[in-house]
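Remarks on the structure that follows.
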Amino acid sequence: MTEIVIVGAGPAGVAAGVTAARAGAQVTLIDEYDRAGGQYFKQPAGSSAAKNFPPLLADNIQKGQDLLAGLSHPNINFLHNTLVWNVTPDRKLSLYSPDGSDELQAQRLIIAGGAYERVMPFPGWTLPGVMTVGGAQLLLKGQAMLAGRRLLLAGTGPLLQLAGVQLLEAGAEIAAIVEIQKPKTLLPYAFKFWRHWDKVGEGVKNQWRLKKAGTPIKFGHTVTRALGEQEVEGAVIARVDDTGQPLAGTEETLDVDTVCLNFGFVPATQLTQLAGCEHRFDSRYGCLVAVANQHMETSQAGIFAVGETRGIGGVDVALLEGRMAGLAAAQQLGYSSDETEQNRQDTLRAWQKARAVVETLGAMFAVKPGLCALATDDVPVCRCEEVTAGEVRAAVRTGVTHLNGLKPWTRVGMGRCQSRICGPIIAQIVAREAALDVKSVGSFTVRPPVKPIPLSAVKDPKGF
Amino acid sequence: MPNDSADVIIIGGGVVGCAAAYYLAQGGVEVLLVEQHGIGSGASGRSGGGIRQSARVSEEMPLAMASIALFPGLSDQLGADIEYVQAGNLRLVENPEYVEPMQTDIVRQQALGLDVRWLEAEEVREMVPLLKQGSIFGASYCPTDGHVNPFRLTTGFYQAACRIGAKALIGQEARSIRQTDAGGVIVEVGEQTVQTSTVIIAAGAGSRRLCQNLGFNLPLTNLCHESMVTEALPPLFSQMFGVFPSGLYFRQTRHGGIHFGGGTSEQSDIARTTGKNLQATARRITRLMPELLPVNVLRAWSGIDSHTSDKRPIIDYLNENVILASGFSGHGLAVAPIVGRYLAEWITSGKKPELLAPFGYDRFN
C-alpha cells in the first residue's frame with residue numbers, strides 16, 4: 001500500500017508531491033512522460049541549460065527547474081514513462097510502462113490530470129502543418145525546433161499572445177495572431193482585473209512586444225481554411241460575428257506554412273470519471289470538470305483533484321491547489337506540517353484570488369458555438385475513425401441527442417483517442433444541429449484503458 | 001385524452017424492437033417505437049455479435065435455425081450493410097476432460113438437424129493457424145454460424161422500418177402502461193399519452209421493471225458483462241469463436257479490431273465498466289493466440305442483459321394487450337430477426353407461431 005499516489009507531474013502534481021513529502025508522507029508521483037514538468041514546465045531534452053533559450057522561455061524553464069528540484073526529496077518515488085490506465089473508486093490504480101505493468105493501492109490519491117488543447121475543425125485542418133499552439137511550444141522547448149517558417153496563430157485566449165512572443169524570440173516569423181473575441185466583448189471584464197496588476201502587466205508586455213515586431217493581432221477573426229494539397233501552403237482568415245460564426249465576404253488569404261491552433265483547453269477528467277468522482281458541467285469550457293472542496297477532496301473520500309482537472313486554472317492556481325491537496329492528504333494520514341494557521345489562511349486567500357482571475361479569463365474566452373459552422377459537412381471531425389461533420393449531423397437527424405447514441409451510427413469517439421480530442425468538438429456540433437444546449441447532449445462514457453495499452457499489459461499486471 | 005394513437009407500440013429500440021417494427025410496418029401496421037436512450041444503446045449495441053445456432057438449448061434450436069436462414073438476405077432487404085460473415089462458429093475445447101461432453105452435445109445438436117461436427121485440434125489449427133499448438137483439444141464446428149456488426153443490424157432494421165412508415169420517439173421514456181375499460185391500452189411516453197391495442201415490451205434490462213409495474217413478477221435477472229476491442233489489424237480469421245468451458249468469445253470485426261469478452265458476469269442493473277474481468281479475459285485470449293500479446297486494447301465496455309432462470313427468452317402475451325419479448329439471456333442477437341417477424345405475424349394473424357411455443361411465460365407458474 002502506497003501512502004500518497006499522485007497522477008500527473010505537471011505544476012499541480014509536483015507541488016502536491018513536494019508538499020506531502022516535506023510533511024513526512026511517502027509519495028509516489030506518476031507521469032506518462034519521460035520528465036516531470038508537464039506541458040507548462042516542459043524541460044528541454046538532454047542537459048540543455050535555460051540560458052541557451054531566448055529570455056521568455058529561459059525564464060519559464062528556470063522556474064520549472066526550481067520547482068522540479070523539490071522532487072529530489074527522499075520520500076518521493078517518481079515513476080516516469082508510466083500510464084495510469086484505470087483507477088477504481090477504492091483507489092486501486094493499473095499502471096503500464098514499456099518496462100512492465102503494475103497495480104498500486106493508494107491510501108490517498110491526488111489526480112492532477114492536466115488538460116488538452118481544444119481545436120475546432122475547419123476545411124484543411126488535417127493537413128500536415130496544422131498543429132496546436134502547445135505542439136509548437138513543445139517543439140521549441142523540447143527539441144529547440146521551430147514549427148515552421150511563417151506561422152499563423154489562431155484561436156482564443158491569452159496563450160496565443162504568450163506563445164507568439166516565445167516563437168518570435170526564437171526567430172519565427174508570425175504572419176498574424178487571430179483571436180475570435182472582439183475588444184468590445186473583452187472590455188467589460190477589464191474592471192475584474194483591478195488589483196491583479198501582475199496579470200494585466202504580462203498581457204500588456206506581450207502585446208507591446210508583438211507590436212514592436214510588427215505582428216498583427218486580429219481580434220474578432222478566426223482561421224476558416226488551411227490551403228494546400230500535401231501540406232499547408234496558406235491559410236484563410238475571416239471576421240466572425242458575436243457567436244463566432246465567420247462572416248462571408250470578409251476572407252483574407254495569408255501566406256503561411258504552419259497554422260497553430262488553440263481554442264482554450266479542455267480539462268482532462270478521464271481518471272476522476274473512472275474513479276467515480278462527482279463532476280459538474282462547465283458551460284465556459286463546454287465539458288465536465290471535477291468537483292472538489294477547498295481541501296481539493298472530491299466526492300470520493302481520499303481522492304483529490306487539482307489543477308486543470310477541476311476547471312482550467314493555469315499555473316498559479318495549479319501550484320496552490322497542489323500544495324493544498326498535498327497538505328490535506330498528508331494530514332489525513334496523520335502527518336503534520338510546520339505550516340502555521342496564518343500560512344494556511346494566506347494560501348487559501350491567494351488561491352481564492354488566483355481562481356477569481358481565471359474564472360474571469362474563462363468567461364472572457366468562452367467557447368463560441370458559431371465556430372461549428374467552420375466544420376462544413378465534408379470536414380472530418382473524428383480523425384481516428386474518419387467521420388465527417390456531415391455524418392454526425394445526419395445521425396442527429398435520425399433522432400440521436402446524446403453523444404453515446406452516435407456510436408451505433410457513426411463510430412465517432414471509438415478510435416485511438418477515445419474521444420479525448422473529438423469529444424468536445426462533436427458535443428458542440430450535435431448541440432447546434434439538435435438545437436440543444438451542450439450540457440444536455442452529455443459526454444462520451446470514459447472507459448478503461450484511458451489510452452491504448454497492449455494485451456500483454458492487461459493480462460498480467462505484474463510484469464510481462 | 002390521448003393525444004396520439006398507433007396500432008402497436010414497441011417499447012425498446014434494441015435489435016428485437018427494431019426488427020419487430022420493421023416486420024410490422026412491412027405488413028402495413030401502424031407502429032410507434034419508443035426508445036428511452038438511443039437506438040441500440042442497451043445490450044444490442046454492446047453485444048458480442050455472434051450469430052450462431054450451435055450450442056443452443058434444444059428448445060431454442062429450431063428458432064435459431066429459422067433466424068439464420070434470414071441473415072444472408074438481410075443486407076439487401078434492409079438496404080444497409082450489416083457486415084454479416086457466415087464463416088462458421090468454432091467452439092474450442094481447452095481441456096481434455098471436456099472433449100467427451102462436447103462430442104455428446106454435438107450428437108444432440110445433430111439430432112435436431114443442425115450441421116455441426118467435431119474437429120480434431122489439428123483440423124482446427126489448419127483453419128486458424130494463429131491458434132497456438134497444444135492450446136486446444138478440438139472444437140465443434142458449425143459452418144452456417146457466423147457474426148455480424150450488431151450496431152449495423154439494429155440501426156439497419158430501424159432505418160428500414162422508418163422508411164416504410166414506422167414512427168419513433170427517441171430519448172423518451174415509456175413511463176406507464178395501463179389498460180382501459182374499453183379494452184385498449186394507454187401508454188404515457190414523456191409528456192404524451194398514446195393509445196393502442198397492443199404493446200410489445202422489448203426493453204431488455206428495462207423489461208423487468210416494466211413488467212413489475214403491470215403486476216407481473218417474472219424471473220428476469222439483469223447481468224452485467226464486460227468486453228474489449230483491440231486496435232484494427234489486417235484480416236486474421238473470419239470465424240466466430242467460443243471457448244468451452246471458459247465462456248470466452250471472440251471475432252474479428254470488419255473494422256479490423258478483435259472483439260472479445262465473456263467469462264464471469266455479475267448481477268447489476270447498471271452497466272459499469274470496472275475492468276475487473278479484463279485481466280482474466282485478456283489472459284484467456286492470449287493463451288490461445290500469443291501473437292496477440294503486443295496488440296493494443298482500445299477500450300473495454302460493459303452491458304446488461306436480461307436473463308431467465310432457464311436461459312430461454314419469454315415471448316408471450318402477458319395479458320390481452322401486452323406482449324413481452326425479453327430474457328434472451330445473452331444470446332438474443334441471432335434470433336432477433338425471426339422473433340421480430342413472428343411477433344408481427346402473431347399480432348396481425350392472431351395465431352401463435354409454432355416455433356414460439358417453448359417461450360411462454362406460464363412455464364414459470
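Residue names in the C-alpha cells use chain letters A, B, ... in the order shown, residue numbers from 1 in each chain, and ligand numbers from 1 in the order shown.
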
Would you tabulate, counting only C-alpha atoms, all residues of segment 247-325 of chain B that have an atom at most 9 Å from an atom of segment 343-353 of chain B, showing the closest pair of atoms and their distance in Å to one decimal, sorted by chain then ascending number, as a tab-separated table?
```
residue	atom	partner	partner_atom	distance
B:Ile315	CA	B:Leu343	CA	8.4
B:Ile323	CA	B:Leu343	CA	8.6
B:Ala325	CA	B:Leu343	CA	8.6
```

Contacts of segment 51-53 of chain B at 6 Å or less, counting only C-alpha atoms, minus same-chain residues fewer than 4 places along, as a ChimeraX atom specification? /B:64,145-147,334

Please, which residues of segment 30-151 of chain B, numbered as in this document, come out strand (DSSP E) from DSSP, as an mmCIF file with C-alpha atoms, in the first residue's frame?
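Writing done, so here's result_12.cif:
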```cif
data_model
loop_
_atom_site.group_PDB
_atom_site.id
_atom_site.type_symbol
_atom_site.label_atom_id
_atom_site.label_comp_id
_atom_site.auth_asym_id
_atom_site.auth_seq_id
_atom_site.Cartn_x
_atom_site.Cartn_y
_atom_site.Cartn_z
ATOM 1 C CA VAL B 31 -46.091 1.178 -35.404
ATOM 2 C CA LEU B 32 -44.679 3.526 -32.823
ATOM 3 C CA LEU B 33 -41.257 2.628 -31.426
ATOM 4 C CA VAL B 34 -40.344 4.174 -28.080
ATOM 5 C CA GLU B 35 -36.717 4.269 -27.014
ATOM 6 C CA GLY B 50 -22.166 -13.792 -32.701
ATOM 7 C CA ILE B 51 -24.850 -15.217 -34.982
ATOM 8 C CA ASN B 89 -18.540 -20.958 -35.382
ATOM 9 C CA LEU B 90 -15.687 -22.777 -33.700
ATOM 10 C CA ARG B 91 -16.339 -23.782 -30.124
ATOM 11 C CA LEU B 92 -12.886 -24.575 -28.842
ATOM 12 C CA VAL B 93 -12.259 -27.166 -26.143
ATOM 13 C CA ARG B 117 -19.331 -31.577 -36.395
ATOM 14 C CA TRP B 118 -16.322 -32.377 -34.270
ATOM 15 C CA LEU B 119 -12.923 -31.212 -35.476
ATOM 16 C CA ALA B 139 -13.676 -27.952 -31.394
ATOM 17 C CA SER B 140 -17.245 -28.148 -32.510
ATOM 18 C CA TYR B 141 -17.718 -26.532 -35.900
ATOM 19 C CA CYS B 142 -20.974 -25.240 -37.336
ATOM 20 C CA GLY B 146 -21.165 -16.502 -38.190
ATOM 21 C CA HIS B 147 -21.146 -12.960 -36.921
#
```

Selection: 12 Å around segment 204-210 of chain B, only C-alpha atoms, excl. self and same-chain fewer than 6 positions, as an NGL selection string: :B and (10-17 or 35-37 or 40-45 or 173-178 or 187 or 216-224 or 267-271 or 303-308 or 313-315 or 318 or 322-333)

Sorted by chain and rising residue number, list the residues of chain B at most 9 Å from chain A (counting only C-alpha atoms), each with its closest atom pair and distance in Å to one decimal, as a Markdown table.
```
| residue | atom | partner | partner_atom | distance |
| --- | --- | --- | --- | --- |
| B:His37 | CA | A:Gly405 | CA | 7.4 |
| B:Gly38 | CA | A:Gly405 | CA | 5.2 |
| B:Ile39 | CA | A:Gly405 | CA | 7.1 |
| B:Gly40 | CA | A:Pro408 | CA | 6.8 |
| B:Ser41 | CA | A:Gly405 | CA | 6.4 |
| B:Gly45 | CA | A:Pro408 | CA | 6.8 |
| B:Pro150 | CA | A:Pro408 | CA | 8.5 |
| B:Phe151 | CA | A:Pro408 | CA | 4.8 |
| B:Arg152 | CA | A:Pro408 | CA | 7.0 |
| B:Thr154 | CA | A:Pro408 | CA | 8.4 |
| B:Thr155 | CA | A:Pro408 | CA | 7.2 |
| B:Gln159 | CA | A:Thr398 | CA | 8.5 |
| B:Ala168 | CA | A:Gly399 | CA | 8.7 |
| B:Leu169 | CA | A:Gly399 | CA | 8.1 |
| B:Ile170 | CA | A:Gly399 | CA | 6.0 |
| B:Gly171 | CA | A:Thr401 | CA | 7.2 |
| B:Thr230 | CA | A:Leu455 | CA | 8.3 |
| B:Glu231 | CA | A:Arg416 | CA | 7.5 |
| B:Thr273 | CA | A:Arg447 | CA | 6.7 |
| B:Thr274 | CA | A:Thr88 | CA | 7.1 |
| B:Gly275 | CA | A:Pro448 | CA | 6.6 |
| B:Leu278 | CA | A:Val458 | CA | 6.9 |
| B:Gln279 | CA | A:Lys459 | CA | 4.5 |
| B:Ala280 | CA | A:Lys459 | CA | 6.5 |
| B:Thr281 | CA | A:Lys459 | CA | 7.5 |
| B:Ala282 | CA | A:Lys459 | CA | 4.8 |
| B:Arg283 | CA | A:Lys459 | CA | 4.7 |
| B:Arg284 | CA | A:Lys459 | CA | 8.4 |
| B:Thr286 | CA | A:Leu455 | CA | 7.6 |
| B:Leu292 | CA | A:Leu455 | CA | 7.1 |
| B:Leu293 | CA | A:Ser456 | CA | 4.8 |
| B:Pro294 | CA | A:Pro454 | CA | 5.1 |
| B:Val295 | CA | A:Pro454 | CA | 5.0 |
| B:Asn296 | CA | A:Pro454 | CA | 3.9 |
| B:Val297 | CA | A:Pro452 | CA | 5.4 |
| B:Leu298 | CA | A:Pro452 | CA | 4.8 |
| B:Arg299 | CA | A:Pro449 | CA | 5.7 |
| B:Ala300 | CA | A:Pro448 | CA | 5.8 |
| B:Trp301 | CA | A:Arg447 | CA | 6.5 |
```

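Atom CA of Met289 of chain B sits 12.8 Å away from atom CA of Leu248 of chain B.
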
Mind the document's chain letters and residue numbers, and return as a ChimeraX atom specification the residues of segment 88-325 of chain B that DSSP labels helix (DSSP H, G or I). /B:96-111,121-127,150-163,204-213,278-288,290-292

Name the closest residue to Asp59 of chain A among the candidates A:Arg349, A:Leu71, A:Pro188, A:Phe41; distances are taken between atoms, counting only C-alpha atoms.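 When distances to Asp59 of chain A are compared using only C-alpha atoms, the smallest one comes from A:Phe41.
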
So that I can check the surroundings of Pro246 of chain A, please list as a list in words every protein, DNA and RNA residue that reaches within 8 Å of it, counting only C-alpha atoms and ignoring chain neighbours fewer than 4 positions away.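 Surrounding residues, per the criterion: His221, Thr222, Thr224, Ala238, Arg239, Val240, Asp241, Gly370, Leu371, Ala373 and Leu374 of chain A.
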